[in-house]
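Peer 1: What follows is a structure written as structure tokens; I'll ask about it next.
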Amino acid sequence: MVPATMHAARIGPNAIIQTIAALREVYAPEELPKLLAGGAEVYLSELPHEMIPEEQFHALVELLTPRLGGERAGEILFRSGERTADYVRANRIPGPFQTLVGMLPAPLGLRLLLLAISKHAWTFAGSGKFSFHLGRTPWLSIGKPVDRDTTAIAAVLCRYYCGAFTQLLRRVVNPRITLRETACQAQGGAACVYQIVL
Ligand SMILES: [Zn+2]
């Protein structure tokens, strides 16, 4: 029999590492233990450094959302996404590839980057499906995770992915890129769909 943990979708530890870092940017050190009490205070002394079950990230967002309020939690997670993208760019995407992508016309650079990202999509999307479409109105999307009902935190998770992709596309492809969301899990959609405006 396969252990249950084998089925849990895993994601990179940055989802948690950068969320804690984003909190530290905004909150004083003495405020953090209270914000993270009830299961996440451990991250103040020990951050994950290997792949984590996606549920662990979702649990952190579930803990934070009612305490911060949806809007502030969304801002923190958007920043966490930006920080995750910065980490990925600095450590996971080869410099020469970034130079090449940046030199190409934006639609072509976008194509190369999205193809490269999609090979590693599971490291950030977990059980949610990552897809993208190129052409006249390009878009990318992240589907609902299947591990648990994330309805209550869907809007906040959406901000995380929006921050990560906005930052990555701007820094690697073109600084003028914006993402315009055309469907959202938080509004009952099956996925968050972000139109990429070049
Ligand atoms: Zn969304």
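Residues are referred to by chain and number: the chain letter is A, B, ... according to the order shown in the structure tokens, the number counts from 1 in that chain, and ligands are numbered separately from 1 in the order shown.
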Pull the closest atom pair for each residue of chain A that gets at most 12 Å from ligand 1, along with the distance in Å to one decimal, counting only C-alpha atoms and all ligand atoms, ordering rows by chain and then ascending residue number, as CSV.

Peer 2:
residue,atom,partner,partner_atom_place_in_ligand_line,distance
A:Gly74,CA,ligand 1,1 (Zn),10.9
A:Phe78,CA,ligand 1,1 (Zn),11.7
A:Leu140,CA,ligand 1,1 (Zn),11.4
A:Ser141,CA,ligand 1,1 (Zn),8.9
A:Ile142,CA,ligand 1,1 (Zn),8.4
A:Gly143,CA,ligand 1,1 (Zn),9.3
A:Lys144,CA,ligand 1,1 (Zn),9.8
A:Thr150,CA,ligand 1,1 (Zn),11.9
A:Thr151,CA,ligand 1,1 (Zn),10.9
A:Ile153,CA,ligand 1,1 (Zn),10.4
A:Ala154,CA,ligand 1,1 (Zn),6.9
A:Ala155,CA,ligand 1,1 (Zn),5.9
A:Val156,CA,ligand 1,1 (Zn),8.2
A:Leu157,CA,ligand 1,1 (Zn),7.5
A:Cys158,CA,ligand 1,1 (Zn),4.2
A:Arg159,CA,ligand 1,1 (Zn),7.0
A:Tyr160,CA,ligand 1,1 (Zn),9.4
A:Tyr161,CA,ligand 1,1 (Zn),8.3
A:Cys162,CA,ligand 1,1 (Zn),7.8
A:Gly163,CA,ligand 1,1 (Zn),11.2
A:Leu179,CA,ligand 1,1 (Zn),11.2
A:Arg180,CA,ligand 1,1 (Zn),10.1
A:Glu181,CA,ligand 1,1 (Zn),6.7
A:Thr182,CA,ligand 1,1 (Zn),8.4
A:Ala183,CA,ligand 1,1 (Zn),6.4
A:Cys184,CA,ligand 1,1 (Zn),3.5
A:Gln185,CA,ligand 1,1 (Zn),5.1
A:Ala186,CA,ligand 1,1 (Zn),5.8
A:Gln187,CA,ligand 1,1 (Zn),7.6
A:Gly188,CA,ligand 1,1 (Zn),9.4
A:Gly189,CA,ligand 1,1 (Zn),8.2
A:Ala190,CA,ligand 1,1 (Zn),9.6
A:Ala191,CA,ligand 1,1 (Zn),7.0
A:Cys192,CA,ligand 1,1 (Zn),4.1
A:Val193,CA,ligand 1,1 (Zn),6.8
A:Tyr194,CA,ligand 1,1 (Zn),8.0
A:Gln195,CA,ligand 1,1 (Zn),11.5

Peer 1: Skipping near chain neighbours, those fewer than 3 positions away, what residues fall within 9 Å of Ile20 (chain A) using only C-alpha atoms, listed as a list in words?

Peer 2: Ala15, Ile16, Ile17, Leu23, Arg24, Glu25, Tyr43, Leu44, Leu47 and Ser80 of chain A

Peer 1: Per residue of region 114-148 of chain A within 12 Å of region 101-106 of chain A, what are the shortest atom pair and its distance in Å to one decimal, counting only C-alpha atoms, with rows by chain and residue number, as a Markdown table?

Peer 2:
| residue | atom | partner | partner_atom | distance |
| --- | --- | --- | --- | --- |
| A:Leu114 | CA | A:Val101 | CA | 10.7 |
| A:Leu115 | CA | A:Val101 | CA | 11.7 |
| A:Ala116 | CA | A:Val101 | CA | 11.0 |
| A:Leu134 | CA | A:Ala106 | CA | 11.5 |
| A:Gly135 | CA | A:Ala106 | CA | 11.7 |
| A:Pro138 | CA | A:Ala106 | CA | 11.4 |

Peer 1: Would you put the residues from that selection into a file with N, CA and C atoms, as an mmCIF file, in the first residue's frame?

Peer 2:
data_model
loop_
_atom_site.group_PDB
_atom_site.id
_atom_site.type_symbol
_atom_site.label_atom_id
_atom_site.label_comp_id
_atom_site.auth_asym_id
_atom_site.auth_seq_id
_atom_site.Cartn_x
_atom_site.Cartn_y
_atom_site.Cartn_z
ATOM 1 N N LEU A 114 6.953 30.855 -20.479
ATOM 2 C CA LEU A 114 5.813 30.047 -20.032
ATOM 3 C C LEU A 114 6.039 28.562 -20.302
ATOM 4 N N LEU A 115 6.675 28.256 -21.415
ATOM 5 C CA LEU A 115 7.002 26.853 -21.693
ATOM 6 C C LEU A 115 7.945 26.313 -20.625
ATOM 7 N N ALA A 116 8.947 27.118 -20.260
ATOM 8 C CA ALA A 116 9.906 26.687 -19.241
ATOM 9 C C ALA A 116 9.220 26.523 -17.882
ATOM 10 N N LEU A 134 -1.189 31.114 -25.646
ATOM 11 C CA LEU A 134 -0.479 32.202 -26.310
ATOM 12 C C LEU A 134 -1.317 32.667 -27.497
ATOM 13 N N GLY A 135 -0.907 33.724 -28.124
ATOM 14 C CA GLY A 135 -1.683 34.229 -29.255
ATOM 15 C C GLY A 135 -2.055 35.675 -29.006
ATOM 16 N N PRO A 138 -3.025 36.499 -24.846
ATOM 17 C CA PRO A 138 -2.453 35.414 -24.044
ATOM 18 C C PRO A 138 -2.975 35.439 -22.606
#

Peer 1: Give the answer as one residue: which of A:Met51, A:Ala152, A:Ala22, A:Leu110 has the shortest atom-to-atom distance to Leu63 (chain A), using only C-alpha atoms?

Peer 2: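 Closest candidate: A:Ala152.
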
Peer 1: Let me make sure I understand: among A:Thr84, A:Thr137, A:Gln98, A:Thr123, which one has the smallest atom-to-atom distance to Arg171 (chain A) if we use only C-alpha atoms?

Peer 2: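 Closest to Arg171 (chain A) of all the choices is A:Gln98.
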
Peer 1: With a distance cut-off of 10 Å and only C-alpha atoms, select the neighbouring residues of Ile93 (chain A), excluding the residue or stretch itself and same-chain residues fewer than 4 positions from it, and output the selection as a list in words.

Peer 2: Tyr87, Val88, Arg89, Phe97, Gln98, Leu113, Ala116, Ile117 and Val172 of chain A

Peer 1: CA of Leu169 (chain A) and CA of Leu198 (chain A), how far apart in Å?

Peer 2: 9.8 Å

Peer 1: One decimal, in Å: what's the spacing between CA of Pro53 (chain A) and CA of Ala9 (chain A)?

Peer 2: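 CA of Ala9 (chain A) lies at a distance of 5.7 Å from CA of Pro53 (chain A).
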
Peer 1: Work out how far apart CA of Leu60 (chain A) and CA of Ala73 (chain A) are and give it in Å to one decimal.

Peer 2: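 The value is 10.9 Å.
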
Peer 1: Write out as a compact mmCIF listing (two decimals) with N, CA and C atoms, in the first residue's frame all residues of chain A that DSSP puts in strand (DSSP E) for this structure's backbone.

Peer 2:
# COMPACT_ATOMS: atom_id res chain seq x y z
N ARG A 10 2.89 18.25 -3.42
CA ARG A 10 3.92 19.01 -2.73
C ARG A 10 4.26 20.26 -3.54
N ILE A 11 4.65 21.29 -2.81
CA ILE A 11 5.07 22.54 -3.46
C ILE A 11 6.39 22.99 -2.84
N ILE A 52 7.12 20.91 0.57
CA ILE A 52 6.13 20.75 1.63
C ILE A 52 4.80 20.29 1.02
N PRO A 53 3.96 19.60 1.82
CA PRO A 53 2.61 19.31 1.33
C PRO A 53 1.88 20.64 1.14
N PHE A 130 -1.87 24.13 -13.80
CA PHE A 130 -1.36 25.35 -14.44
C PHE A 130 -1.56 25.22 -15.94
N SER A 131 -2.14 26.21 -16.57
CA SER A 131 -2.23 26.21 -18.04
C SER A 131 -1.95 27.59 -18.57
N PHE A 132 -1.66 27.64 -19.84
CA PHE A 132 -1.49 28.95 -20.46
C PHE A 132 -1.87 28.88 -21.92
N HIS A 133 -2.13 30.05 -22.47
CA HIS A 133 -2.51 30.14 -23.87
C HIS A 133 -1.75 31.32 -24.47
N TRP A 139 -3.05 34.27 -21.99
CA TRP A 139 -3.44 34.19 -20.58
C TRP A 139 -2.75 33.02 -19.92
N LEU A 140 -2.77 33.04 -18.61
CA LEU A 140 -2.32 31.87 -17.85
C LEU A 140 -3.34 31.63 -16.75
N SER A 141 -3.40 30.41 -16.26
CA SER A 141 -4.39 30.10 -15.23
C SER A 141 -3.87 29.07 -14.24
N ILE A 142 -4.43 29.16 -13.05
CA ILE A 142 -4.15 28.20 -11.97
C ILE A 142 -5.48 27.65 -11.50
N GLY A 143 -5.62 26.33 -11.56
CA GLY A 143 -6.88 25.70 -11.16
C GLY A 143 -6.95 25.49 -9.66
N THR A 178 1.12 43.67 -17.54
CA THR A 178 0.17 43.62 -16.42
C THR A 178 -0.72 42.39 -16.58
N LEU A 179 -1.24 41.91 -15.46
CA LEU A 179 -2.18 40.79 -15.49
C LEU A 179 -3.57 41.31 -15.15
N ARG A 180 -4.54 40.90 -15.95
CA ARG A 180 -5.93 41.31 -15.72
C ARG A 180 -6.72 40.03 -15.51
N GLU A 181 -7.29 39.88 -14.33
CA GLU A 181 -7.98 38.61 -14.03
C GLU A 181 -9.35 38.59 -14.70
N THR A 182 -9.63 37.53 -15.43
CA THR A 182 -10.91 37.44 -16.16
C THR A 182 -11.83 36.37 -15.57
N ALA A 183 -11.31 35.50 -14.70
CA ALA A 183 -12.14 34.54 -13.97
C ALA A 183 -11.40 34.24 -12.69
N ALA A 191 -11.03 28.10 -12.05
CA ALA A 191 -9.62 28.48 -12.03
C ALA A 191 -9.53 30.00 -11.96
N CYS A 192 -8.36 30.49 -11.56
CA CYS A 192 -8.06 31.91 -11.71
C CYS A 192 -7.40 32.07 -13.07
N VAL A 193 -7.98 32.91 -13.91
CA VAL A 193 -7.45 33.13 -15.25
C VAL A 193 -6.96 34.57 -15.35
N TYR A 194 -5.70 34.72 -15.68
CA TYR A 194 -5.11 36.06 -15.77
C TYR A 194 -4.73 36.34 -17.22
N GLN A 195 -5.39 37.34 -17.78
CA GLN A 195 -5.02 37.76 -19.12
C GLN A 195 -3.71 38.54 -19.03
N ILE A 196 -2.78 38.24 -19.93
CA ILE A 196 -1.48 38.88 -19.91
C ILE A 196 -1.49 40.04 -20.90
N VAL A 197 -1.42 41.26 -20.37
CA VAL A 197 -1.46 42.43 -21.24
C VAL A 197 -0.04 42.89 -21.48

Peer 1: Pick the closest to Glu62 (chain A) from A:Lys119, A:Val26, A:Ala40, A:His49: which is it, counting only C-alpha atoms?

Peer 2: A:Ala40
